[in-house]
$ cat structure_38.cif   # mmCIF, C-alpha atoms
data_work
loop_
_atom_site.label_atom_id
_atom_site.label_comp_id
_atom_site.auth_asym_id
_atom_site.auth_seq_id
_atom_site.Cartn_x
_atom_site.Cartn_y
_atom_site.Cartn_z
CA MET A 1 0.00 0.00 0.00
CA ALA A 2 2.81 2.40 0.86
CA SER A 3 4.61 1.54 -2.38
CA ALA A 4 1.42 2.26 -4.41
CA SER A 5 1.05 5.65 -2.74
CA ALA A 6 4.63 6.46 -3.61
CA LEU A 7 4.03 5.53 -7.24
CA VAL A 8 0.94 7.77 -7.38
CA LEU A 9 2.83 10.70 -5.86
CA SER A 10 5.72 10.12 -8.26
CA ALA A 11 3.37 10.12 -11.27
CA CYS A 12 1.67 13.30 -10.15
CA SER A 13 5.02 14.97 -9.57
CA GLY A 14 6.20 13.95 -13.04
CA GLY A 15 3.00 15.32 -14.62
CA GLU A 16 3.44 18.70 -13.03
CA ASP A 17 7.09 18.90 -14.15
CA GLY A 18 6.01 18.00 -17.67
CA ARG A 19 3.45 20.76 -17.81
CA GLU A 20 6.06 23.28 -16.65
CA LYS A 21 8.53 22.13 -19.32
CA ARG A 22 5.93 22.29 -22.06
CA THR A 23 5.54 26.07 -21.46
CA PRO A 24 7.24 27.64 -24.50
CA PRO A 25 10.34 29.67 -23.60
CA VAL A 26 10.74 33.31 -24.65
CA PRO A 27 12.60 33.19 -28.00
CA GLN A 28 15.93 34.91 -28.35
CA VAL A 29 16.23 37.15 -31.43
CA GLY A 30 19.11 39.10 -32.95
CA PHE A 31 18.62 42.71 -33.95
CA VAL A 32 20.48 45.54 -35.67
CA VAL A 33 20.08 49.24 -34.96
CA VAL A 34 19.25 51.02 -38.22
CA ARG A 35 20.60 54.40 -39.25
CA HIS A 36 20.21 56.76 -42.18
CA ALA A 37 22.62 55.99 -45.00
CA ASN A 38 23.68 57.65 -48.23
CA VAL A 39 22.28 55.25 -50.81
CA PRO A 40 23.05 55.84 -54.50
CA LEU A 41 20.20 55.57 -57.00
CA ASN A 42 21.64 53.15 -59.55
CA VAL A 43 20.16 53.05 -63.04
CA GLU A 44 20.93 51.01 -66.14
CA LEU A 45 20.22 52.64 -69.48
CA THR A 46 20.94 51.95 -73.14
CA GLY A 47 23.60 53.94 -74.92
CA ARG A 48 25.44 54.28 -78.19
CA VAL A 49 29.12 54.97 -78.75
CA ALA A 50 30.05 58.20 -80.59
CA ALA A 51 33.43 59.54 -81.68
CA PHE A 52 35.06 62.21 -79.52
CA GLN A 53 35.85 64.19 -82.68
CA MET A 54 34.89 63.55 -86.30
CA SER A 55 35.96 65.42 -89.41
CA GLU A 56 34.86 64.90 -93.00
CA VAL A 57 37.80 65.84 -95.19
CA ARG A 58 36.63 67.87 -98.20
CA PRO A 59 38.51 69.68 -100.98
CA GLN A 60 38.47 73.48 -100.95
CA VAL A 61 39.57 73.80 -104.58
CA SER A 62 38.66 71.91 -107.76
CA GLY A 63 41.05 69.71 -109.67
CA ILE A 64 42.44 66.24 -110.30
CA ILE A 65 43.82 64.21 -107.38
CA ARG A 66 47.45 63.44 -108.17
CA ARG A 67 48.59 61.57 -105.04
CA ARG A 68 47.38 60.12 -101.75
CA PHE A 69 49.75 60.20 -98.77
CA PHE A 70 48.09 58.01 -96.10
CA THR A 71 47.26 54.36 -95.43
CA GLU A 72 43.58 53.64 -94.95
CA GLY A 73 42.74 52.80 -91.31
CA SER A 74 45.93 54.30 -89.91
CA LEU A 75 46.41 57.05 -87.34
CA VAL A 76 47.06 60.51 -88.79
CA ARG A 77 48.14 63.77 -87.15
CA ALA A 78 46.50 67.16 -87.47
CA GLY A 79 48.14 69.07 -90.36
CA GLN A 80 49.45 65.93 -92.07
CA THR A 81 49.04 66.07 -95.88
CA LEU A 82 46.47 63.52 -97.07
CA TYR A 83 45.96 64.34 -100.78
CA GLU A 84 47.59 66.46 -103.45
CA ILE A 85 45.37 68.13 -106.07
CA ASP A 86 47.04 69.16 -109.34
CA PRO A 87 48.58 72.55 -108.41
CA ARG A 88 49.70 73.78 -111.84
CA LEU A 89 46.72 76.01 -112.59
CA TYR A 90 46.81 77.52 -109.08
CA ARG A 91 50.56 78.09 -109.24
CA ALA A 92 50.09 79.90 -112.54
CA ALA A 93 47.29 82.00 -111.04
CA ALA A 94 49.58 82.94 -108.15
CA ASN A 95 52.33 83.95 -110.52
CA GLU A 96 49.87 86.05 -112.54
CA ALA A 97 48.63 87.76 -109.41
CA GLN A 98 52.19 88.53 -108.36
CA ALA A 99 52.93 90.07 -111.78
CA ASN A 100 49.75 92.16 -111.64
CA LEU A 101 50.80 93.41 -108.22
CA ALA A 102 54.21 94.42 -109.51
CA SER A 103 52.59 96.31 -112.39
CA ALA A 104 50.22 98.07 -110.03
CA GLN A 105 53.10 99.03 -107.74
CA ALA A 106 55.03 100.55 -110.68
CA ASN A 107 52.00 102.52 -111.84
CA ALA A 108 51.37 103.70 -108.30
CA GLU A 109 54.92 104.98 -108.00
CA ALA A 110 54.65 106.92 -111.28
CA THR A 111 51.32 108.54 -110.40
CA ARG A 112 52.60 109.46 -106.94
CA VAL A 113 55.66 111.22 -108.37
CA ARG A 114 53.50 113.07 -110.93
CA ALA A 115 51.14 114.30 -108.24
CA GLU A 116 54.05 115.48 -106.08
CA ARG A 117 55.50 117.45 -109.03
CA TYR A 118 52.13 119.07 -109.85
CA ARG A 119 51.61 120.26 -106.31
CA PRO A 120 54.13 123.18 -106.27
CA LEU A 121 53.26 124.07 -109.85
CA ALA A 122 49.60 124.32 -108.96
CA GLU A 123 50.46 126.53 -105.98
CA ALA A 124 52.49 128.79 -108.33
CA GLU A 125 49.61 128.67 -110.84
CA ALA A 126 52.00 127.22 -113.43
CA VAL A 127 49.46 124.50 -114.06
CA SER A 128 45.79 124.49 -113.37
CA LYS A 129 44.54 123.23 -110.06
CA GLN A 130 42.34 120.76 -111.93
CA ASP A 131 45.43 119.10 -113.42
CA TYR A 132 46.88 118.69 -109.92
CA THR A 133 43.56 117.32 -108.62
CA ASP A 134 43.45 114.77 -111.44
CA ALA A 135 47.06 113.70 -110.80
CA ALA A 136 46.41 113.25 -107.05
CA ALA A 137 43.27 111.19 -107.76
CA GLN A 138 45.20 108.94 -110.18
CA ALA A 139 47.84 108.40 -107.48
CA ARG A 140 45.20 107.32 -104.99
CA GLN A 141 43.60 105.00 -107.55
CA ALA A 142 46.97 103.44 -108.27
CA SER A 143 47.54 102.93 -104.53
CA ALA A 144 44.15 101.21 -104.25
CA ALA A 145 45.05 99.00 -107.21
CA VAL A 146 48.18 97.92 -105.34
CA ALA A 147 46.08 96.89 -102.32
CA GLN A 148 43.71 95.03 -104.62
CA GLY A 149 46.62 93.25 -106.29
CA ARG A 150 47.99 92.17 -102.87
CA ALA A 151 44.61 90.69 -101.94
CA GLN A 152 44.40 88.82 -105.24
CA LEU A 153 47.91 87.48 -104.74
CA GLU A 154 47.05 86.33 -101.22
CA THR A 155 43.90 84.58 -102.55
CA ALA A 156 45.91 82.86 -105.26
CA ARG A 157 48.50 81.69 -102.72
CA ILE A 158 45.76 80.35 -100.41
CA ASN A 159 44.20 78.40 -103.28
CA LEU A 160 47.64 77.06 -104.13
CA ARG A 161 48.09 75.84 -100.54
CA PHE A 162 44.64 74.22 -100.71
CA THR A 163 45.95 71.87 -103.39
CA SER A 164 47.61 70.04 -100.47
CA VAL A 165 44.69 68.66 -98.44
CA PRO A 166 45.69 68.36 -94.73
CA ALA A 167 44.14 66.40 -91.85
CA PRO A 168 41.98 68.81 -89.78
CA ILE A 169 42.27 66.67 -86.60
CA SER A 170 44.34 63.80 -85.24
CA GLY A 171 42.69 60.41 -85.20
CA ARG A 172 42.05 57.21 -87.13
CA ILE A 173 41.33 57.74 -90.81
CA GLY A 174 38.82 55.66 -92.75
CA ARG A 175 38.85 54.46 -96.32
CA SER A 176 39.47 56.87 -99.17
CA LEU A 177 36.32 57.52 -101.19
CA PHE A 178 38.31 59.02 -104.11
CA THR A 179 41.41 57.64 -105.83
CA GLU A 180 44.24 59.21 -107.80
CA GLY A 181 42.97 60.65 -111.07
CA ALA A 182 39.51 61.48 -109.71
CA LEU A 183 38.08 64.94 -110.32
CA VAL A 184 37.01 66.73 -107.13
CA THR A 185 35.30 70.08 -106.68
CA SER A 186 35.16 72.61 -103.89
CA ASN A 187 31.40 72.27 -103.41
CA GLN A 188 31.00 68.50 -103.73
CA ALA A 189 28.66 66.63 -101.33
CA ASP A 190 30.84 63.56 -100.70
CA PRO A 191 33.92 63.83 -98.44
CA LEU A 192 37.29 62.52 -99.58
CA THR A 193 37.57 60.52 -96.33
CA VAL A 194 36.54 60.68 -92.66
CA ILE A 195 38.80 61.03 -89.60
CA GLN A 196 37.56 60.06 -86.12
CA ARG A 197 39.24 60.57 -82.77
CA LEU A 198 38.49 57.47 -80.67
CA ASP A 199 40.51 58.09 -77.49
CA PRO A 200 38.83 59.41 -75.46
CA ILE A 201 35.37 58.49 -76.73
CA PHE A 202 31.76 59.43 -75.95
CA VAL A 203 28.77 57.25 -75.05
CA ASP A 204 25.36 58.87 -75.61
CA ILE A 205 22.91 57.46 -73.02
CA GLN A 206 19.15 57.66 -73.51
CA GLN A 207 16.88 58.30 -70.51
CA SER A 208 13.12 58.74 -70.66
CA SER A 209 11.82 62.21 -69.85
CA ALA A 210 9.43 60.68 -67.25
CA ASP A 211 12.33 59.16 -65.30
CA LEU A 212 14.25 62.41 -65.50
CA LEU A 213 11.23 64.31 -64.18
CA ALA A 214 10.88 61.90 -61.24
CA LEU A 215 14.58 62.31 -60.48
CA ARG A 216 14.33 66.10 -60.40
CA ARG A 217 11.34 65.93 -58.09
CA SER A 218 13.22 63.67 -55.71
CA LEU A 219 16.16 66.06 -55.80
CA ALA A 220 13.79 68.91 -54.96
CA GLY A 221 12.14 67.52 -51.86
CA GLN A 222 12.84 63.91 -50.89
CA GLY A 223 16.31 64.04 -49.42
CA ALA A 224 18.16 63.19 -52.63
CA VAL A 225 21.27 64.99 -53.79
CA PRO A 226 22.87 64.95 -57.26
CA SER A 227 25.77 62.63 -57.86
CA THR A 228 28.85 63.05 -60.03
CA ALA A 229 28.22 59.71 -61.65
CA SER A 230 30.90 57.20 -62.51
CA VAL A 231 29.65 55.02 -65.35
CA LYS A 232 30.34 51.36 -66.07
CA LEU A 233 29.59 49.89 -69.48
CA ILE A 234 28.16 46.49 -70.37
CA LEU A 235 29.22 45.56 -73.90
CA GLU A 236 27.17 43.74 -76.52
CA ASP A 237 28.63 40.35 -75.55
CA GLY A 238 27.65 40.83 -71.88
CA SER A 239 31.17 41.60 -70.65
CA GLU A 240 32.01 44.67 -68.58
CA TYR A 241 34.24 47.36 -70.10
CA ALA A 242 37.40 47.79 -68.02
CA GLN A 243 37.49 51.60 -68.06
CA THR A 244 35.18 53.74 -65.91
CA GLY A 245 33.65 56.88 -67.45
CA THR A 246 31.98 60.02 -66.13
CA VAL A 247 28.80 61.78 -67.20
CA GLN A 248 29.71 65.06 -68.89
CA PHE A 249 26.35 66.75 -69.43
CA SER A 250 22.65 66.26 -70.16
CA GLU A 251 20.74 67.65 -73.12
CA VAL A 252 18.36 70.53 -72.42
CA MET A 253 15.64 69.27 -74.75
CA VAL A 254 13.57 66.11 -75.19
CA ASN A 255 13.68 64.19 -78.46
CA ALA A 256 10.16 64.59 -79.83
CA SER A 257 10.19 61.23 -81.67
CA THR A 258 11.51 59.05 -78.81
CA GLY A 259 10.56 61.00 -75.67
CA THR A 260 14.10 60.65 -74.30
CA VAL A 261 16.87 62.93 -73.09
CA THR A 262 20.49 62.28 -74.05
CA LEU A 263 23.19 62.09 -71.38
CA ARG A 264 26.78 62.05 -72.62
CA ALA A 265 29.53 60.12 -70.81
CA ARG A 266 33.24 60.21 -71.57
CA PHE A 267 35.49 57.11 -71.51
CA ALA A 268 39.14 56.39 -72.08
CA ASN A 269 39.60 54.06 -75.04
CA PRO A 270 43.34 53.29 -75.20
CA GLN A 271 42.90 49.92 -76.94
CA GLY A 272 40.24 51.10 -79.40
CA LEU A 273 37.76 48.52 -78.10
CA LEU A 274 34.84 50.96 -78.29
CA LEU A 275 33.88 51.89 -81.85
CA PRO A 276 31.38 54.53 -83.00
CA GLY A 277 27.91 53.08 -83.48
CA MET A 278 28.22 50.26 -80.93
CA PHE A 279 25.24 49.68 -78.61
CA VAL A 280 26.07 49.34 -74.90
CA ARG A 281 24.34 49.47 -71.50
CA ALA A 282 25.46 52.05 -68.97
CA ARG A 283 25.22 51.58 -65.20
CA PHE A 284 25.70 54.55 -62.90
CA ALA A 285 24.40 56.30 -59.78
CA GLN A 286 22.32 59.27 -60.88
CA SER A 287 21.55 60.60 -57.38
CA ILE A 288 22.13 59.81 -53.70
CA ASN A 289 19.25 59.32 -51.23
CA THR A 290 20.43 60.67 -47.88
CA ASN A 291 17.30 59.57 -45.96
CA ALA A 292 17.24 55.88 -46.87
CA ILE A 293 17.75 53.05 -44.39
CA LEU A 294 19.56 49.81 -45.25
CA VAL A 295 17.99 46.67 -43.79
CA PRO A 296 19.53 43.17 -44.22
CA GLN A 297 17.48 41.13 -46.65
CA PRO A 298 16.62 38.29 -44.18
CA ALA A 299 14.75 40.81 -41.98
CA LEU A 300 12.15 41.67 -44.63
CA SER A 301 9.20 39.52 -45.67
CA ARG A 302 6.48 40.06 -48.23
CA THR A 303 2.86 39.02 -48.55
CA THR A 304 1.43 37.38 -51.65
CA ARG A 305 0.48 40.88 -52.83
CA GLY A 306 4.02 42.13 -52.42
CA ALA A 307 3.54 44.21 -49.24
CA ALA A 308 6.79 44.39 -47.27
CA SER A 309 7.16 44.27 -43.48
CA VAL A 310 9.78 43.81 -40.78
CA PHE A 311 9.75 43.04 -37.07
CA VAL A 312 11.16 45.61 -34.66
CA VAL A 313 11.82 45.40 -30.94
CA GLY A 314 8.90 47.24 -29.33
CA PRO A 315 8.21 48.47 -25.79
CA GLY A 316 8.49 45.77 -23.12
CA ASN A 317 10.63 43.61 -25.43
CA LYS A 318 7.74 42.63 -27.63
CA ALA A 319 7.91 41.98 -31.38
CA VAL A 320 6.11 44.66 -33.37
CA GLN A 321 5.39 44.09 -37.08
CA ARG A 322 5.99 47.20 -39.18
CA SER A 323 4.95 47.84 -42.81
CA VAL A 324 7.75 49.40 -44.85
CA THR A 325 8.45 50.60 -48.38
CA ALA A 326 11.37 48.80 -50.01
CA GLU A 327 11.45 48.90 -53.80
CA ARG A 328 15.03 47.87 -54.50
CA THR A 329 18.10 46.23 -53.05
CA GLN A 330 21.69 47.28 -52.69
CA GLY A 331 24.06 44.40 -52.18
CA PRO A 332 22.81 42.26 -49.24
CA ASN A 333 20.38 44.94 -48.03
CA TRP A 334 16.93 46.26 -48.83
CA VAL A 335 16.70 50.04 -49.31
CA VAL A 336 13.84 51.14 -47.04
CA THR A 337 12.49 54.61 -47.79
CA GLN A 338 9.41 54.64 -45.53
CA GLY A 339 8.24 52.88 -42.36
CA LEU A 340 11.38 52.96 -40.20
CA LYS A 341 13.14 55.57 -38.10
CA PRO A 342 16.80 55.85 -37.21
CA GLY A 343 17.65 54.12 -33.95
CA GLU A 344 15.00 51.41 -34.16
CA LYS A 345 16.01 47.79 -33.57
CA VAL A 346 15.12 45.58 -36.52
CA ILE A 347 15.06 41.84 -35.90
CA ILE A 348 17.13 39.89 -38.41
CA GLN A 349 17.78 36.58 -36.59
CA GLY A 350 15.38 34.09 -34.97
CA LEU A 351 12.41 35.25 -37.02
CA ALA A 352 11.01 31.71 -37.29
CA ASN A 353 9.90 31.86 -33.63
CA VAL A 354 8.62 35.46 -33.65
CA LYS A 355 4.93 36.31 -33.56
CA PRO A 356 3.36 39.79 -33.60
CA ASN A 357 3.17 41.38 -30.13
CA ALA A 358 4.72 38.28 -28.52
CA PRO A 359 7.50 38.66 -25.89
CA ILE A 360 11.06 38.22 -27.11
CA ARG A 361 14.55 38.32 -25.68
CA PRO A 362 16.48 40.69 -27.96
CA VAL A 363 20.26 40.56 -28.25
CA PRO A 364 22.59 42.18 -30.79
CA ALA A 365 22.76 40.22 -34.01
CA SER A 366 25.18 37.27 -34.16
CA SER A 367 25.42 37.05 -30.35
CA PRO A 368 26.05 33.47 -29.11
CA GLN A 369 23.00 31.49 -28.07
CA ARG A 370 22.73 31.18 -24.29
CA VAL A 371 21.49 27.82 -22.94
CA ALA A 372 19.95 27.89 -19.44
CA PRO A 373 21.29 25.27 -16.97
CA PRO A 374 18.87 22.54 -15.78
CA PRO A 375 17.01 23.08 -12.48
CA GLN A 376 18.99 22.10 -9.42
CA GLY A 377 18.23 18.59 -8.16
CA ALA A 378 16.83 17.39 -11.46
CA PRO A 379 18.04 13.91 -12.46
CA ALA A 380 20.59 13.93 -15.29
CA GLY A 381 18.49 11.57 -17.32
CA GLN A 382 15.47 13.92 -17.22
CA GLN A 383 17.30 16.99 -18.66
CA GLY A 384 15.58 18.13 -21.83
CA LYS A 385 12.62 15.69 -21.40
CA GLY A 386 9.04 16.81 -21.50
CA GLY A 387 7.97 14.47 -18.62
#
$ encode --input "structure_38.cif" --output "structure tokens"
Amino acid sequence: MASASALVLSACSGGEDGREKRTPPVPQVGFVVVRHANVPLNVELTGRVAAFQMSEVRPQVSGIIRRRFFTEGSLVRAGQTLYEIDPRLYRAAANEAQANLASAQANAEATRVRAERYRPLAEAEAVSKQDYTDAAAQARQASAAVAQGRAQLETARINLRFTSVPAPISGRIGRSLFTEGALVTSNQADPLTVIQRLDPIFVDIQQSSADLLALRRSLAGQGAVPSTASVKLILEDGSEYAQTGTVQFSEVMVNASTGTVTLRARFANPQGLLLPGMFVRARFAQSINTNAILVPQPALSRTTRGAASVFVVGPGNKAVQRSVTAERTQGPNWVVTQGLKPGEKVIIQGLANVKPNAPIRPVPASSPQRVAPPPQGAPAGQQGKGG
């Protein structure tokens, strides 16, 4: 009878211990304290490569091309002679202009001397004043003819120099569209060849006017500041261009046919990898949001409708669910623009055991898990059992 009573008491005692152990413990969670951060607004836009400088080489005088002095596709220097147009007619015109100038100078000297001789005679009334007036006028006309002859000689010499066609800029020259023996004219539509400077080089980036308008509004009143953007390029084969460029300027008008605004970026192109006309994708930070908050991605969850929320440590160490606005990521973090304040503790670890408004034991993130020792006097075999 005594042994039966002991068994009953032992069973009752074990049942009470089991009920105590089945009480769920307060979960430990890890949190981070959030702060405002300067978050760049990264965009990726399409672009097209354009030459830094481009010159269409055209003749300024008419004639037959006698020689070509460059290799197609090579690098040329500014001032380097590219073509020679037959100079014989222009050399003869220069010689004629020089002879006409000499004749005008001789006539001017004779008329000047005659006018000087008539002057004292007219004062002494040895000749009529009209004769002196005519002589002085002829001297001035002869002087004007000399000036005219000098201008004609200079024009003839310029035309003679134009028979040597130089490179207007330094760069890589294309194929020659005219060969030796071809007749060219000063007002022809087709260029002789085209020179392009490819280092540095431009990339014209297209951005929609709607996106640009949204950016300017955010700069005006949402804590965003402009950024001097460094640009990375993604080439047509998916590889990343090694050189980093910078945005130089933005157009002040919208293209009426495409609804876009052109931004121009400048890149170094020492190996000539970028060629005019290539399509690329440009990645850069167009502005910096100074009021954003970075939250580790594991802390944020979404509903089936896409609504985002996080758990924060509330008063009395209770988990409070908070709706937030997070439209994009940056590295391992979500960029939260609404719903959180600096200094709040966002739970990022132990979320599987967290329920809204339930008590929690918050510790800084990545703290070691603390295991409570078993109650004193408990048998070693009963540790961790539910009874």
$ resolve_selection --input "structure_38.cif" --expression "the PyMOL selection byres ((chain A and resi 238-251) around 8)" --output "mmCIF file with C-alpha atoms, in the frame of the given file"
data_model
loop_
_atom_site.group_PDB
_atom_site.id
_atom_site.type_symbol
_atom_site.label_atom_id
_atom_site.label_comp_id
_atom_site.auth_asym_id
_atom_site.auth_seq_id
_atom_site.Cartn_x
_atom_site.Cartn_y
_atom_site.Cartn_z
ATOM 1 C CA THR A 228 28.850 63.050 -60.030
ATOM 2 C CA ALA A 229 28.220 59.710 -61.650
ATOM 3 C CA SER A 230 30.900 57.200 -62.510
ATOM 4 C CA VAL A 231 29.650 55.020 -65.350
ATOM 5 C CA LYS A 232 30.340 51.360 -66.070
ATOM 6 C CA LEU A 233 29.590 49.890 -69.480
ATOM 7 C CA ILE A 234 28.160 46.490 -70.370
ATOM 8 C CA LEU A 235 29.220 45.560 -73.900
ATOM 9 C CA GLU A 236 27.170 43.740 -76.520
ATOM 10 C CA ASP A 237 28.630 40.350 -75.550
ATOM 11 C CA VAL A 252 18.360 70.530 -72.420
ATOM 12 C CA MET A 253 15.640 69.270 -74.750
ATOM 13 C CA VAL A 254 13.570 66.110 -75.190
ATOM 14 C CA VAL A 261 16.870 62.930 -73.090
ATOM 15 C CA THR A 262 20.490 62.280 -74.050
ATOM 16 C CA LEU A 263 23.190 62.090 -71.380
ATOM 17 C CA ARG A 264 26.780 62.050 -72.620
ATOM 18 C CA ALA A 265 29.530 60.120 -70.810
ATOM 19 C CA ARG A 266 33.240 60.210 -71.570
ATOM 20 C CA PHE A 267 35.490 57.110 -71.510
ATOM 21 C CA ALA A 268 39.140 56.390 -72.080
ATOM 22 C CA ASN A 269 39.600 54.060 -75.040
#
$ resolve_selection --input "structure_38.cif" --expression "the PyMOL selection byres ((chain A and resi 46) around 10)" --output "JSON, numbers by chain"
{"A": [44, 45, 47, 48, 203, 204, 205, 206, 207, 233, 234, 279, 280, 281, 282, 283]}
$ residues_around --input "structure_38.cif" --residues "Glu56 of chain A" --least-positions-apart "2" --cutoff "8 Å" --atoms "all atoms listed in the file" --output "MDAnalysis selection string"
chainID A and resid 54 58 191:195
$ resolve_selection --input "structure_38.cif" --expression "the PyMOL selection byres ((chain A and resi 317-319) around 6)" --output "NGL selection string"
:A and (312-316 or 320 or 356-360)
$ residues_around --input "structure_38.cif" --residues "Ile293 of chain A" --least-positions-apart "2" --cutoff "9 Å" --atoms "all atoms listed in the file" --output "NGL selection string"
:A and (34-39 or 290-291 or 295 or 334-338 or 340-342)
$ residues_around --input "structure_38.cif" --residues "Gly331 of chain A" --least-positions-apart "5" --cutoff "12 Å" --atoms "all atoms listed in the file" --output "list in words"
Val39, Pro40, Asn42, Leu294, Val295, Pro296 and Gln297 of chain A
$ closest_atom_pairs --input "structure_38.cif" --of "segment 168-285 of chain A" --to "segment 85-89 of chain A" --cutoff "10 Å" --atoms "only C-alpha atoms" --output "CSV"
residue,atom,partner,partner_atom,distance
A:Glu180,CA,A:Ile85,CA,9.2
A:Gly181,CA,A:Ile85,CA,9.3
A:Ala182,CA,A:Ile85,CA,9.6
A:Leu183,CA,A:Ile85,CA,9.0
A:Val184,CA,A:Ile85,CA,8.5
